[in-house]
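Source file model_17.cif; content: mmCIF, C-alpha atoms.
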data_protein
#
loop_
_atom_site.label_atom_id
_atom_site.label_comp_id
_atom_site.auth_asym_id
_atom_site.auth_seq_id
_atom_site.Cartn_x
_atom_site.Cartn_y
_atom_site.Cartn_z
CA MET S 190 0.00 0.00 0.00
CA ALA S 191 2.54 2.55 -1.02
CA ARG S 192 0.59 5.73 -1.22
CA SER S 193 3.13 8.43 -1.89
CA PRO S 194 2.49 12.18 -2.15
CA ARG S 195 2.09 11.88 -5.92
CA PHE S 196 -1.54 10.86 -5.26
CA ASP S 197 -3.48 14.13 -5.12
CA THR S 198 -7.07 14.50 -3.91
CA ARG S 199 -8.37 13.56 -7.37
CA ASP S 200 -6.40 10.33 -7.26
CA ILE S 201 -7.52 9.60 -3.70
CA ALA S 202 -11.18 10.14 -4.61
CA ARG S 203 -10.87 7.87 -7.66
CA ILE S 204 -9.09 5.18 -5.67
CA ALA S 205 -11.85 5.30 -3.06
CA VAL S 206 -14.56 5.23 -5.72
CA PHE S 207 -13.04 2.24 -7.47
CA ALA S 208 -12.70 0.38 -4.18
CA ALA S 209 -16.42 1.05 -3.71
CA ILE S 210 -17.16 -0.08 -7.29
CA ILE S 211 -15.44 -3.41 -6.61
CA ALA S 212 -17.62 -3.68 -3.52
CA ALA S 213 -20.77 -2.77 -5.48
CA LEU S 214 -19.96 -5.38 -8.12
CA GLY S 215 -20.18 -7.90 -5.29
CA LEU S 216 -23.85 -6.94 -4.89
CA ILE S 217 -24.64 -7.92 -8.48
CA ALA S 218 -26.02 -11.42 -8.46
CA PRO S 219 -23.51 -13.80 -10.01
CA ILE S 220 -24.19 -14.45 -13.69
CA GLN S 221 -25.35 -18.04 -13.97
CA LEU S 222 -24.26 -19.91 -17.06
CA PRO S 223 -25.53 -23.40 -17.72
CA GLY S 224 -22.76 -25.90 -17.10
CA LEU S 225 -20.22 -23.31 -16.04
CA VAL S 226 -19.03 -21.90 -12.74
CA PRO S 227 -20.97 -18.72 -11.92
CA ILE S 228 -19.12 -15.51 -12.61
CA THR S 229 -18.73 -13.18 -9.67
CA ALA S 230 -18.27 -9.70 -11.01
CA GLN S 231 -15.58 -8.65 -8.55
CA THR S 232 -12.56 -9.79 -10.56
CA LEU S 233 -14.10 -7.71 -13.32
CA GLY S 234 -13.78 -4.74 -10.98
CA VAL S 235 -10.14 -5.60 -10.32
CA ILE S 236 -9.34 -5.67 -14.05
CA LEU S 237 -11.27 -2.43 -14.57
CA ALA S 238 -9.41 -0.74 -11.72
CA GLY S 239 -6.09 -1.51 -13.38
CA ALA S 240 -7.22 -0.71 -16.92
CA VAL S 241 -8.96 2.57 -16.06
CA LEU S 242 -6.86 3.97 -13.22
CA GLY S 243 -3.49 2.66 -14.36
CA PRO S 244 -1.06 0.41 -12.48
CA LEU S 245 -0.37 2.32 -9.25
CA ARG S 246 -3.81 3.78 -8.61
CA GLY S 247 -5.43 0.50 -9.67
CA LEU S 248 -3.26 -1.37 -7.19
CA ALA S 249 -4.17 1.17 -4.51
CA ALA S 250 -7.90 0.79 -5.21
CA VAL S 251 -7.69 -2.99 -4.82
CA ALA S 252 -5.58 -2.57 -1.67
CA VAL S 253 -8.15 -0.21 -0.15
CA PHE S 254 -10.96 -2.65 -0.97
CA GLU S 255 -9.05 -5.55 0.58
CA VAL S 256 -8.20 -3.61 3.73
CA LEU S 257 -11.91 -2.86 4.17
CA VAL S 258 -12.63 -6.58 3.77
CA LEU S 259 -9.84 -7.40 6.20
CA VAL S 260 -11.19 -5.14 8.92
CA GLY S 261 -14.50 -6.94 8.77
CA LEU S 262 -16.81 -5.26 6.28
CA PRO S 263 -18.78 -7.97 4.42
CA LEU S 264 -17.97 -6.65 0.96
CA LEU S 265 -16.94 -9.81 -0.87
CA SER S 266 -19.49 -11.35 -3.21
CA GLY S 267 -21.99 -13.28 -1.11
CA GLY S 268 -21.49 -11.09 1.95
CA PHE S 269 -18.14 -12.49 3.05
CA GLY S 270 -15.56 -10.44 4.89
CA GLY S 271 -13.23 -10.28 7.83
CA PRO S 272 -9.75 -11.68 8.22
CA SER S 273 -11.05 -15.24 7.77
CA VAL S 274 -11.16 -14.85 3.97
CA PHE S 275 -7.44 -14.07 4.02
CA VAL S 276 -6.63 -17.35 5.74
CA GLY S 277 -9.15 -19.52 3.91
CA PHE S 278 -8.15 -21.10 0.66
CA SER S 279 -9.19 -18.26 -1.56
CA ALA S 280 -6.51 -16.19 0.21
CA GLY S 281 -4.01 -16.53 -2.63
CA TYR S 282 -6.50 -15.37 -5.23
CA LEU S 283 -7.39 -12.32 -3.13
CA LEU S 284 -3.70 -11.47 -2.72
CA GLY S 285 -3.24 -12.09 -6.45
CA TRP S 286 -5.75 -9.31 -7.15
CA LEU S 287 -3.13 -6.75 -6.06
CA PRO S 288 -0.40 -7.54 -8.63
CA GLY S 289 -3.23 -8.51 -11.01
CA ALA S 290 -4.60 -4.96 -11.09
CA PHE S 291 -1.05 -3.58 -11.28
CA VAL S 292 -0.04 -5.73 -14.26
CA THR S 293 -3.34 -5.06 -16.03
CA GLY S 294 -2.74 -1.35 -15.70
CA LEU S 295 0.88 -1.63 -16.74
CA LEU S 296 0.01 -3.41 -19.99
CA ALA S 297 -3.17 -1.47 -20.77
CA TYR S 298 -1.42 1.87 -20.21
CA SER S 299 1.69 0.96 -22.20
CA GLY S 300 2.12 2.67 -25.53
CA ARG S 301 1.05 6.18 -26.48
CA GLY S 302 -2.06 7.95 -27.63
CA ALA S 303 -5.43 6.29 -27.68
CA LEU S 304 -6.06 3.14 -25.71
CA ALA S 305 -5.41 0.16 -27.97
CA TRP S 306 -7.98 -2.61 -27.58
CA TRP S 307 -5.36 -5.32 -27.81
CA ARG S 308 -3.25 -3.80 -25.06
CA VAL S 309 -6.28 -3.67 -22.78
CA ALA S 310 -7.18 -7.26 -23.68
CA LEU S 311 -3.61 -8.43 -23.17
CA GLY S 312 -3.46 -6.65 -19.81
CA ALA S 313 -6.75 -8.23 -18.76
CA VAL S 314 -5.56 -11.73 -19.74
CA VAL S 315 -2.14 -11.46 -18.11
CA GLY S 316 -3.17 -9.39 -15.06
CA GLY S 317 -6.67 -10.77 -14.61
CA ILE S 318 -5.96 -14.46 -15.21
CA VAL S 319 -2.27 -15.39 -15.37
CA VAL S 320 -1.01 -13.32 -12.42
CA ILE S 321 -3.99 -14.09 -10.17
CA TYR S 322 -3.72 -17.82 -10.84
CA ALA S 323 0.07 -17.78 -10.48
CA ILE S 324 -0.38 -16.63 -6.89
CA GLY S 325 -3.73 -18.24 -6.08
CA ILE S 326 -2.94 -21.81 -7.10
CA PRO S 327 0.30 -22.26 -5.10
CA VAL S 328 -1.24 -20.70 -1.98
CA GLN S 329 -4.32 -22.90 -2.29
CA ALA S 330 -2.11 -25.96 -2.79
CA ALA S 331 -0.01 -25.06 0.27
CA LEU S 332 -3.09 -24.48 2.45
CA THR S 333 -4.89 -27.65 1.41
CA GLY S 334 -1.76 -29.80 1.26
CA LEU S 335 -2.76 -31.00 -2.22
CA PRO S 336 -0.27 -31.44 -5.06
CA LEU S 337 0.14 -28.34 -7.21
CA GLY S 338 -0.97 -30.15 -10.38
CA ALA S 339 -4.27 -31.27 -8.87
CA THR S 340 -5.07 -27.75 -7.63
CA ALA S 341 -4.26 -26.28 -11.04
CA LEU S 342 -6.50 -28.86 -12.68
CA GLY S 343 -9.34 -27.91 -10.34
CA SER S 344 -9.04 -24.21 -11.11
CA LEU S 345 -9.38 -24.92 -14.84
CA LEU S 346 -13.10 -24.89 -14.00
CA PHE S 347 -12.90 -21.13 -13.56
CA VAL S 348 -11.12 -20.40 -16.83
CA PRO S 349 -14.28 -20.11 -18.99
CA GLY S 350 -15.79 -17.61 -16.58
CA ASP S 351 -12.56 -15.65 -16.41
CA ALA S 352 -12.26 -15.60 -20.20
CA ILE S 353 -15.71 -14.04 -20.38
CA LYS S 354 -14.71 -11.50 -17.73
CA VAL S 355 -11.66 -10.53 -19.78
CA VAL S 356 -13.81 -9.89 -22.85
CA VAL S 357 -16.37 -7.93 -20.82
CA ALA S 358 -13.69 -5.88 -19.06
CA THR S 359 -12.04 -5.01 -22.39
CA LEU S 360 -15.36 -3.95 -23.94
CA LEU S 361 -16.27 -1.89 -20.88
CA THR S 362 -12.89 -0.15 -20.76
CA LEU S 363 -13.09 0.81 -24.42
CA ALA S 364 -16.70 1.93 -24.05
CA LEU S 365 -15.69 4.08 -21.08
CA TRP S 366 -12.79 5.52 -23.09
CA ARG S 367 -15.28 6.67 -25.71
CA ALA S 368 -17.97 7.74 -23.25
CA TYR S 369 -15.92 9.58 -20.64
CA PRO S 370 -12.25 10.13 -21.49
CA PRO S 371 -11.55 12.19 -18.34
CA ALA S 372 -11.90 8.92 -16.45
CA PHE S 373 -8.44 8.03 -17.66
CA GLY S 374 -6.91 11.18 -16.21
CA ARG S 375 -3.57 12.29 -17.60
CA ARG S 376 -3.73 9.58 -20.21
CA ALA S 377 -6.64 11.32 -21.89
CA ASP S 378 -5.05 14.73 -21.40
CA ARG S 379 -2.07 13.56 -23.37
CA ARG S 380 -4.35 12.64 -26.21
CA GLY S 381 -6.01 16.03 -25.97
CA VAL S 382 -9.56 14.78 -25.80
CA ALA S 383 -10.23 15.18 -22.11
CA ARG S 384 -11.83 18.58 -22.35
CA SER S 385 -13.22 18.42 -25.87
CA ALA S 386 -15.30 15.26 -25.92
CA ALA S 387 -18.76 15.63 -24.47
CA PRO S 388 -19.04 13.11 -21.64
CA VAL S 389 -22.12 11.36 -22.91
CA PRO S 390 -22.27 7.63 -22.20
CA THR S 391 -23.02 5.37 -25.12
CA SER S 392 -25.83 3.51 -23.39
CA GLY S 393 -29.34 4.59 -22.56
CA ALA S 394 -28.99 5.42 -18.89
CA PRO S 395 -29.20 9.02 -17.69
CA ALA S 396 -25.54 9.56 -16.91
CA THR S 397 -25.74 13.17 -18.00
CA GLY S 398 -28.51 14.14 -15.60
CA ALA S 399 -28.11 16.32 -12.54
CA PRO S 400 -26.28 14.71 -9.62
CA ALA S 401 -28.52 12.53 -7.50
CA GLU S 402 -29.34 13.27 -3.88
CA PRO S 403 -26.66 11.00 -2.43
CA SER S 404 -23.93 12.31 -4.68
CA SER S 405 -24.68 15.93 -3.91
CA LEU S 406 -24.63 15.26 -0.18
CA SER S 407 -21.76 12.91 0.27
CA PRO S 408 -18.82 15.07 -0.83
CA VAL S 409 -19.50 17.11 2.27
CA ASP S 410 -19.69 13.98 4.43
CA ALA S 411 -16.54 12.68 2.83
CA ALA S 412 -14.73 15.91 3.46
CA ASP S 413 -15.89 15.83 7.07
CA ALA S 414 -14.40 12.40 7.39
CA GLY S 415 -11.16 13.77 6.04
CA GLU S 416 -10.94 16.46 8.67
CA ARG S 417 -11.11 14.15 11.62
CA MET W 1045 -23.53 -0.80 6.67
CA ILE W 1046 -24.02 -4.30 8.01
CA SER W 1047 -21.13 -5.20 10.24
CA LEU W 1048 -20.04 -8.61 11.43
CA TYR W 1049 -19.38 -7.13 14.91
CA ARG W 1050 -21.31 -8.47 17.93
CA PRO W 1051 -21.26 -6.07 20.87
CA GLY W 1052 -20.13 -7.48 24.20
CA THR W 1053 -18.06 -6.86 27.31
CA SER W 1054 -15.90 -9.99 27.46
CA PRO W 1055 -12.11 -9.78 27.88
CA LEU W 1056 -11.73 -10.46 24.15
CA HIS W 1057 -14.08 -7.58 23.30
CA ARG W 1058 -12.07 -5.24 25.51
CA ALA W 1059 -8.61 -6.31 24.32
CA PRO W 1060 -6.93 -3.78 21.99
CA ALA W 1061 -7.56 -4.44 18.30
CA GLY W 1062 -3.85 -4.31 17.43
CA LEU W 1063 -3.06 -7.01 19.99
CA LYS W 1064 -5.80 -9.26 18.60
CA LEU W 1065 -4.58 -8.74 15.02
CA ALA W 1066 -1.01 -9.61 16.02
CA LEU W 1067 -2.17 -12.68 17.94
CA LEU W 1068 -4.21 -13.85 14.97
CA ALA W 1069 -1.25 -13.45 12.63
CA LEU W 1070 0.95 -15.37 15.08
CA LEU W 1071 -1.57 -18.20 15.43
CA GLY W 1072 -2.02 -18.31 11.65
CA VAL W 1073 1.69 -18.85 11.14
CA GLY W 1074 1.73 -21.34 14.00
CA PHE W 1075 -1.10 -23.40 12.51
CA SER W 1076 0.47 -23.50 9.08
CA LEU W 1077 3.88 -24.59 10.46
CA MET W 1078 2.25 -27.29 12.62
CA PRO W 1079 3.89 -30.68 11.97
CA ARG W 1080 1.66 -33.21 10.17
CA GLN W 1081 3.85 -36.27 10.61
CA PRO W 1082 3.75 -38.64 12.42
CA ILE W 1083 0.04 -38.77 12.03
CA VAL W 1084 -0.67 -39.33 15.74
CA LEU W 1085 1.15 -36.10 16.60
CA GLY W 1086 -0.60 -34.29 13.73
CA LEU W 1087 -4.03 -35.44 14.86
CA SER W 1088 -3.44 -34.55 18.51
CA LEU W 1089 -2.09 -31.10 17.58
CA ALA W 1090 -5.12 -30.52 15.37
CA ALA W 1091 -7.43 -31.56 18.21
CA GLY W 1092 -5.50 -29.21 20.51
CA GLY W 1093 -6.04 -26.42 18.00
CA LEU W 1094 -9.78 -27.02 17.99
CA VAL W 1095 -9.85 -26.96 21.82
CA LEU W 1096 -7.96 -23.66 21.71
CA VAL W 1097 -10.54 -22.23 19.30
CA VAL W 1098 -13.43 -23.29 21.52
CA ALA W 1099 -11.62 -21.82 24.54
CA PHE W 1100 -11.24 -18.48 22.77
CA PHE W 1101 -14.92 -18.45 21.80
CA ALA W 1102 -15.81 -19.29 25.40
CA LEU W 1103 -13.62 -16.41 26.59
CA ALA W 1104 -15.59 -14.11 24.29
CA GLU W 1105 -18.86 -15.58 25.64
CA LEU W 1106 -19.71 -16.64 22.10
CA ALA W 1107 -19.28 -20.41 22.51
CA GLY W 1108 -22.94 -21.17 21.81
CA ARG W 1109 -24.86 -20.25 18.69
CA PRO W 1110 -22.26 -17.80 17.27
CA LEU W 1111 -19.62 -20.56 17.26
CA LEU W 1112 -22.03 -22.98 15.57
CA ARG W 1113 -22.93 -20.33 13.00
CA GLN W 1114 -19.25 -19.69 12.25
CA LEU W 1115 -18.69 -23.44 12.00
CA TRP W 1116 -21.63 -23.71 9.60
CA SER W 1117 -20.14 -20.97 7.43
CA THR W 1118 -17.01 -23.09 6.96
CA ARG W 1119 -19.01 -26.01 5.55
CA TRP W 1120 -17.88 -25.41 1.97
CA ILE W 1121 -14.24 -25.36 3.03
CA VAL W 1122 -14.77 -28.67 4.80
CA VAL W 1123 -16.64 -30.25 1.89
CA ALA W 1124 -14.15 -29.05 -0.72
CA MET W 1125 -11.05 -29.92 1.31
CA VAL W 1126 -12.15 -33.34 2.52
CA GLY W 1127 -13.53 -34.22 -0.90
CA THR W 1128 -10.41 -33.38 -2.86
CA GLN W 1129 -7.90 -34.54 -0.26
CA LEU W 1130 -9.35 -38.02 0.12
CA ILE W 1131 -8.44 -38.62 -3.53
CA PHE W 1132 -4.77 -37.85 -3.00
CA LEU W 1133 -4.05 -38.25 0.73
CA THR W 1134 -4.83 -40.58 3.62
CA PRO W 1135 -7.93 -39.85 5.75
CA GLY W 1136 -5.70 -38.85 8.66
CA ASP W 1137 -3.83 -36.25 6.63
CA ALA W 1138 -7.09 -34.97 5.17
CA ALA W 1139 -8.50 -34.52 8.67
CA VAL W 1140 -5.41 -32.70 9.97
CA ASN W 1141 -5.27 -30.34 7.01
CA THR W 1142 -8.98 -29.56 7.18
CA VAL W 1143 -8.92 -28.91 10.92
CA ARG W 1144 -5.92 -26.59 10.58
CA VAL W 1145 -7.66 -24.40 8.01
CA VAL W 1146 -11.05 -24.46 9.75
CA ALA W 1147 -9.49 -23.56 13.13
CA ILE W 1148 -7.71 -20.47 11.81
CA VAL W 1149 -10.78 -19.40 9.80
CA LEU W 1150 -12.84 -19.67 13.00
CA LEU W 1151 -10.33 -17.57 14.94
CA ALA W 1152 -10.32 -14.93 12.22
CA GLY W 1153 -14.12 -14.92 12.37
CA LEU W 1154 -13.86 -14.42 16.12
CA LEU W 1155 -11.80 -11.28 15.54
CA SER W 1156 -14.58 -9.85 13.35
CA LEU W 1157 -17.19 -10.80 15.94
CA THR W 1158 -15.42 -9.11 18.84
CA THR W 1159 -13.82 -6.05 17.20
CA ARG W 1160 -15.34 -2.98 15.57
CA SER W 1161 -14.13 -2.31 12.02
CA SER W 1162 -13.26 1.24 13.02
CA ASP W 1163 -11.00 -0.08 15.81
CA VAL W 1164 -9.19 -2.41 13.40
CA LEU W 1165 -8.77 0.51 10.97
CA ALA W 1166 -7.36 2.68 13.74
CA ALA W 1167 -4.96 -0.11 14.74
CA LEU W 1168 -3.81 -0.47 11.14
CA GLU W 1169 -3.29 3.28 10.86
CA THR W 1170 -1.12 3.19 13.98
CA GLY W 1171 0.74 0.20 12.57
CA LEU W 1172 1.49 2.18 9.41
CA GLY W 1173 3.31 4.83 11.46
CA PRO W 1174 6.82 3.44 10.88
CA LEU W 1175 6.19 3.53 7.12
CA ARG W 1176 6.18 7.33 7.32
CA ARG W 1177 9.90 7.20 6.56
CA LEU W 1178 9.18 5.44 3.27
CA GLY W 1179 6.91 8.29 2.19
CA VAL W 1180 3.61 6.71 3.23
CA ASP W 1181 1.37 9.19 5.00
CA PRO W 1182 -0.86 7.22 7.41
CA ARG W 1183 -3.29 10.13 7.56
CA ARG W 1184 -3.85 10.03 3.80
CA VAL W 1185 -4.21 6.27 3.88
CA GLY W 1186 -6.80 6.69 6.61
CA LEU W 1187 -8.59 9.36 4.55
CA THR W 1188 -8.71 7.08 1.51
CA LEU W 1189 -10.08 4.20 3.59
CA SER W 1190 -12.81 6.26 5.25
CA LEU W 1191 -13.70 7.82 1.89
CA ALA W 1192 -14.09 4.35 0.39
CA ILE W 1193 -16.38 3.33 3.26
CA THR W 1194 -18.65 6.32 2.66
CA MET W 1195 -18.56 5.64 -1.10
CA VAL W 1196 -19.91 2.09 -0.89
CA PRO W 1197 -23.57 3.07 -0.23
CA VAL W 1198 -23.29 5.95 -2.73
CA ILE W 1199 -22.13 3.64 -5.52
CA ALA W 1200 -24.84 1.13 -4.61
CA ALA W 1201 -27.42 3.94 -4.90
CA LEU W 1202 -26.00 4.97 -8.29
CA ALA W 1203 -26.28 1.36 -9.50
CA GLN W 1204 -29.90 1.38 -8.36
CA ARG W 1205 -30.51 4.57 -10.37
CA VAL W 1206 -29.02 3.06 -13.51
CA ARG W 1207 -31.21 -0.02 -13.07
CA GLU W 1208 -34.34 2.07 -12.62
CA ALA W 1209 -33.51 4.20 -15.66
CA GLN W 1210 -33.19 1.07 -17.74
CA ARG W 1211 -36.48 -0.29 -16.48
CA ALA W 1212 -38.23 3.01 -17.18
CA ARG W 1213 -37.02 2.94 -20.76
CA GLY W 1214 -37.61 -0.74 -21.26
CA VAL W 1215 -34.03 -1.44 -22.38
CA ARG W 1216 -31.92 -4.33 -21.21
CA LEU W 1217 -28.26 -3.44 -21.22
CA GLY W 1218 -26.86 -6.47 -19.44
CA PHE W 1219 -23.23 -5.95 -18.49
CA ARG W 1220 -23.12 -2.72 -20.52
CA ALA W 1221 -25.03 -1.11 -17.66
CA VAL W 1222 -21.67 -0.90 -15.91
CA VAL W 1223 -20.57 1.88 -18.30
CA PRO W 1224 -23.06 4.52 -17.09
CA LEU W 1225 -22.37 3.36 -13.55
CA LEU W 1226 -18.64 3.94 -14.06
CA VAL W 1227 -19.27 7.37 -15.59
CA LEU W 1228 -21.54 8.42 -12.71
CA ALA W 1229 -19.12 7.06 -10.13
CA LEU W 1230 -16.05 8.74 -11.61
CA ARG W 1231 -17.87 12.06 -11.89
CA HIS W 1232 -18.85 11.68 -8.28
CA ALA W 1233 -15.16 11.06 -7.49
CA ASP W 1234 -14.26 14.34 -9.18
CA ASP W 1235 -16.93 16.17 -7.16
CA VAL W 1236 -15.52 14.68 -3.97
CA ALA W 1237 -12.00 15.68 -5.01
CA ASP W 1238 -13.18 19.26 -5.57
CA ALA W 1239 -14.87 19.26 -2.16
CA LEU W 1240 -11.67 18.01 -0.54
CA SER W 1241 -9.58 20.63 -2.32
CA ALA W 1242 -12.04 23.35 -1.32
CA ARG W 1243 -11.56 22.35 2.29
CA GLY W 1244 -7.81 22.56 2.06
CA VAL W 1245 -6.97 18.88 1.88
CA ASP W 1246 -4.12 18.67 -0.59
#

Starting from the file, give its structure as structure tokens.
Amino acid sequence: MARSPRFDTRDIARIAVFAAIIAALGLIAPIQLPGLVPITAQTLGVILAGAVLGPLRGLAAVAVFEVLVLVGLPLLSGGFGGPSVFVGFSAGYLLGWLPGAFVTGLLAYSGRGALAWWRVALGAVVGGIVVIYAIGIPVQAALTGLPLGATALGSLLFVPGDAIKVVVATLLTLALWRAYPPAFGRRADRRGVARSAAPVPTSGAPATGAPAEPSSLSPVDAADAGER
Amino acid sequence: MISLYRPGTSPLHRAPAGLKLALLALLGVGFSLMPRQPIVLGLSLAAGGLVLVVAFFALAELAGRPLLRQLWSTRWIVVAMVGTQLIFLTPGDAAVNTVRVVAIVLLAGLLSLTTRSSDVLAALETGLGPLRRLGVDPRRVGLTLSLAITMVPVIAALAQRVREAQRARGVRLGFRAVVPLLVLALRHADDVADALSARGVD
């Protein structure tokens, strides 16, 4: 959780919001697919955090989310939380989220100019699948005392779901890039579109409307919290 | 926000959060380094671990239904571990491994039951103090964490709004509904950042 002075208030607010988005994705009922393991949307949030915020801020967002889980808020999909999830056998996967978001951001943000779809997809595959499994499988094997090969075989069950998540995360990132370039911060500034493009989302929901009650109230609350 | 905390006045409730965190970490390492062979030693150590867990729950005056409920919540761990381990290992080894994991999960659950989240956060913030030399500002970390806590219900409300807007228009966006949610959330983040700046938080 290296949070150095280079994170200004804008970064801090985005990190906090993305941590909350990962939590909110846990509220979405898992997508049931016939014959496949249900997809919990939270790894999607991890990939998005890296791809949208970039490596360091994405890592920080996941770290903030996991600290909130650690201190006992039931934010994991299905209402789980507390330190017990970090000693159970999903511990390695949860820890893998941290470098997962970082690597996703590193690859998705590499290169110049506009976000390239293949960089985002590559980042999502490497950060969202390879890195998370590379940490999750050995930890699970060590905790259960099972051979590494058997554990790896068992986690193959999750690959179809994760592949779908990678596709969805890539599509969402690119859609967000078109709909709201300022989301990508300096990246979009460099491209010179941050101020010019009208922030109108591509889909039918009223994203351009006036701020809702909660959003107009909570900045004040949040700032109060900051003054304590 | 629903918390896992159960109010009480037992010694475990009153113990400082930092101490409990450190003890849990110590016990976690201890359980994972526990010898498994010979199997008699492994089994008796595992049984000792379970007795220790029950003793801790008794100390917290939670040995009754709360303990059973925690135990019930570990059922999938038990099913998955016993099921897969019996294929590769002897029943004795499977039992020792399962008990080790269940015991430490129960103890971690006990920490959530007896400690307020805010106390654990405060303990973590204190623990981050030495990192000040590395350029980590514990106060900013604390600000980010408390911001994220206040954001969770806001984001959930925004998601609700997006859902209602879809229903009103009779469109089904599926996963694409996340895009307007992200836009709303990130705009909210910018509003919060402006509010923080206006109040002199740099």

Result set, the PyMOL selection byres ((chain W and resi 1156) around 9) on current file, as JSON, numbers by chain: {"S": [259, 260, 261, 262, 270, 271, 272, 273], "W": [1047, 1048, 1049, 1050, 1151, 1152, 1153, 1154, 1155, 1157, 1158, 1159, 1160, 1161]}

Hits of the PyMOL selection byres ((chain W) within 6 of (chain S)) in this structure, as a VMD selection string: chain W and resid 1047 1149 1152 to 1153 1156 1161 1164 1179 to 1180 1187 to 1188 1191 to 1192 1195 to 1196 1200 1206 1209 1224 1228 1233 1236 to 1237 1239 to 1240

Interatomic distance (Å, one decimal) between atom CA of Gly1092 of chain W and atom CA of Ala1107 of chain W: 16.5 Å

Separation of atom CA of Met1078 of chain W from atom CA of Phe1100 of chain W, in Å and rounded to one decimal: 19.0 Å

Straight-line distance linking atom CA of Ala1138 of chain W with atom CA of Ala1091 of chain W, stated in Å to one decimal: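 Result for atom CA of Ala1138 of chain W versus atom CA of Ala1091 of chain W: 13.5 Å, one decimal.
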
Nearby residues, (-13.1, -21.9, 18.6) file frame, 9 Å, all atoms listed in the file, as number ranges by chain: W: 1093-1102, 1107, 1111, 1115, 1147-1148, 1150-1151, 1154

Missing atoms in segment 1191-1206 of chain W: fill them in up to N, CA and C atoms and send the result as a short mmCIF file (atom, residue, chain, number, x, y, z; two decimals), keeping the file's coordinate frame.
data_model
loop_
_atom_site.label_atom_id
_atom_site.label_comp_id
_atom_site.auth_asym_id
_atom_site.auth_seq_id
_atom_site.Cartn_x
_atom_site.Cartn_y
_atom_site.Cartn_z
N LEU W 1191 -12.97 7.41 3.10
CA LEU W 1191 -13.70 7.82 1.89
C LEU W 1191 -14.34 6.61 1.22
N ALA W 1192 -13.57 5.53 1.08
CA ALA W 1192 -14.09 4.35 0.39
C ALA W 1192 -15.30 3.79 1.14
N ILE W 1193 -15.24 3.83 2.49
CA ILE W 1193 -16.38 3.33 3.26
C ILE W 1193 -17.62 4.15 2.97
N THR W 1194 -17.47 5.49 2.93
CA THR W 1194 -18.65 6.32 2.66
C THR W 1194 -19.11 6.17 1.21
N MET W 1195 -18.20 5.77 0.32
CA MET W 1195 -18.56 5.64 -1.10
C MET W 1195 -19.41 4.40 -1.37
N VAL W 1196 -19.23 3.34 -0.57
CA VAL W 1196 -19.91 2.09 -0.89
C VAL W 1196 -21.42 2.28 -1.05
N PRO W 1197 -22.12 2.88 -0.04
CA PRO W 1197 -23.57 3.07 -0.23
C PRO W 1197 -23.90 4.02 -1.38
N VAL W 1198 -23.03 5.01 -1.63
CA VAL W 1198 -23.29 5.95 -2.73
C VAL W 1198 -23.27 5.21 -4.06
N ILE W 1199 -22.24 4.38 -4.26
CA ILE W 1199 -22.13 3.64 -5.52
C ILE W 1199 -23.31 2.67 -5.66
N ALA W 1200 -23.69 2.04 -4.55
CA ALA W 1200 -24.84 1.13 -4.61
C ALA W 1200 -26.09 1.89 -5.03
N ALA W 1201 -26.26 3.13 -4.52
CA ALA W 1201 -27.42 3.94 -4.90
C ALA W 1201 -27.35 4.33 -6.38
N LEU W 1202 -26.16 4.64 -6.87
CA LEU W 1202 -26.00 4.97 -8.29
C LEU W 1202 -26.37 3.77 -9.16
N ALA W 1203 -25.94 2.57 -8.75
CA ALA W 1203 -26.28 1.36 -9.50
C ALA W 1203 -27.79 1.18 -9.55
N GLN W 1204 -28.44 1.47 -8.42
CA GLN W 1204 -29.90 1.38 -8.36
C GLN W 1204 -30.53 2.35 -9.36
N ARG W 1205 -29.99 3.56 -9.43
CA ARG W 1205 -30.51 4.57 -10.37
C ARG W 1205 -30.40 4.09 -11.81
N VAL W 1206 -29.23 3.53 -12.15
CA VAL W 1206 -29.02 3.06 -13.51
C VAL W 1206 -30.04 1.96 -13.84
#
